[in-house]
Amino acid sequence: MPKTSARLLALLSLLQTRRDWPGALLAERLDISPRTVRRDVDRLRELGYPIVAFKGPDGGYRLDAGAQLPPLLFDDEQAVALAIALQIATTTRAGIEEAAARALHTVRQVMPARLRHRIDTIQVTAVERPTIRPDHKVDSTVLLALSAAVHAREVLRFDYPPSAVADHGAQTPPRRVQPHHLVTWGGRWYLVAWDLDRQDWRTFRADRITPRTPTGPRFTPRELPGGEVAAFVVSRFWGSGDWPCRGEVILDLPAAVVSRYTSDGVVEELGPDRCRLVLGSWSWHGLAAAIGRFDADIEVVGPAELRDAFAHLARRYADAATGVRTR
């Protein structure tokens, strides 16, 4: 018979692999008597593992959820997967970076040398494409509150400033929504929800949400336009979107060429060498600069703010070309 400590680890490993284990099957797998299984289960309970017994013809044991987190046992593949997931978590900008780094350090410390060598060869570096978006991190407690409401299908109330540059202390009525999905897009977290007051689908930036308690009644989930959350989010941000600055231009370029270099706008073909481009940004100057990267004549359809931004950049570029400031 293996030593008690080795037996306990083997028993714990088995209990983690499936929901219910008949006692007789555990005894057979561990090559011990059912009485020894009962004693080992009691020892694991003393160590904090919430193991419950179930009755019936095949009565046995189940590793259940407890009030606190006991020590966990992972096989080699699980340990490596956990380490990689924690490395990725340090790059999510979800407010859990420090906790993920500490957890990774803890996991790495107790790993055998062969596994430490494997995970040390995997270095994750987050490289984000250049963006003019301001850096707003979301509080992890907010993400947990939103996730809980989505999972429970409970109406959520929260404070939400009316615009990206609004004062978070502004007095506005709380929003009432049926939360359906928590998603990430372009380095930000968004809540996809049915707005009860506006009777329409909305996307809300999680970093601007201040949840209120308690949550409201449960609701029956609705079907998203397009059927899938990915298709819905893409249509919102690439179509109508919620960009604070959105403009429309006509470019003397084929639609196929413009589409190739436009991942966040809508391109419409107007002819063999002409197309309409609808694009959004966080500033008018940034939008004008993004459109200006196309080597083509530009006709601004609107709005006036985009025209003004082009005029401002034209003066700035002219100064840069001559080396003389004209104003």
# chains A, B, ... in the order shown; residues from 1 in each chain; ligands from 1
>>> residues_around(residues="segment 272-278 of chain A", least_positions_apart="6", cutoff="6 Å", atoms="only C-alpha atoms", output="list in words")
Gly247, Glu248, Val249, Ile250, Leu251, Asp252, Leu253, Pro254, Ala255, Gly265 and Val266 of chain A
>>> write_last_selection(atoms="N, CA and C atoms", output="short mmCIF file (atom, residue, chain, number, x, y, z; two decimals), in the first residue's frame")
data_model
loop_
_atom_site.label_atom_id
_atom_site.label_comp_id
_atom_site.auth_asym_id
_atom_site.auth_seq_id
_atom_site.Cartn_x
_atom_site.Cartn_y
_atom_site.Cartn_z
N GLY A 247 -17.07 60.73 -39.13
CA GLY A 247 -17.18 61.52 -40.34
C GLY A 247 -17.30 60.68 -41.60
N GLU A 248 -17.67 61.37 -42.67
CA GLU A 248 -17.87 60.69 -43.96
C GLU A 248 -17.13 61.45 -45.05
N VAL A 249 -16.38 60.70 -45.87
CA VAL A 249 -15.62 61.31 -46.97
C VAL A 249 -15.78 60.45 -48.21
N ILE A 250 -15.41 61.04 -49.35
CA ILE A 250 -15.33 60.30 -50.60
C ILE A 250 -13.87 60.32 -51.06
N LEU A 251 -13.32 59.15 -51.35
CA LEU A 251 -11.93 59.02 -51.74
C LEU A 251 -11.83 58.59 -53.20
N ASP A 252 -10.86 59.12 -53.91
CA ASP A 252 -10.61 58.71 -55.30
C ASP A 252 -9.71 57.48 -55.31
N LEU A 253 -10.24 56.42 -54.76
CA LEU A 253 -9.55 55.13 -54.70
C LEU A 253 -10.58 54.02 -54.82
N PRO A 254 -10.21 52.86 -55.37
CA PRO A 254 -11.15 51.74 -55.42
C PRO A 254 -11.53 51.28 -54.00
N ALA A 255 -12.75 50.85 -53.84
CA ALA A 255 -13.21 50.38 -52.53
C ALA A 255 -12.37 49.21 -52.04
N GLY A 265 -13.85 50.80 -40.15
CA GLY A 265 -14.74 51.73 -40.83
C GLY A 265 -15.63 51.00 -41.83
N VAL A 266 -16.51 51.75 -42.47
CA VAL A 266 -17.41 51.20 -43.48
C VAL A 266 -17.05 51.80 -44.83
#
>>> residues_around(residues="Glu154 of chain A", least_positions_apart="5", cutoff="12 Å", atoms="only C-alpha atoms", output="number ranges by chain")
A: 145-149, 176-180, 193-194, 213-221
>>> closest_residue(among="A:Tyr160, A:Ala289, A:Arg114, A:Thr36", to="Tyr317 of chain A", atoms="only C-alpha atoms")
A:Ala289
>>> closest_residue(among="A:His181, A:Ser140, A:Asp31, A:Thr203", to="Ala152 of chain A", atoms="only C-alpha atoms")
A:His181
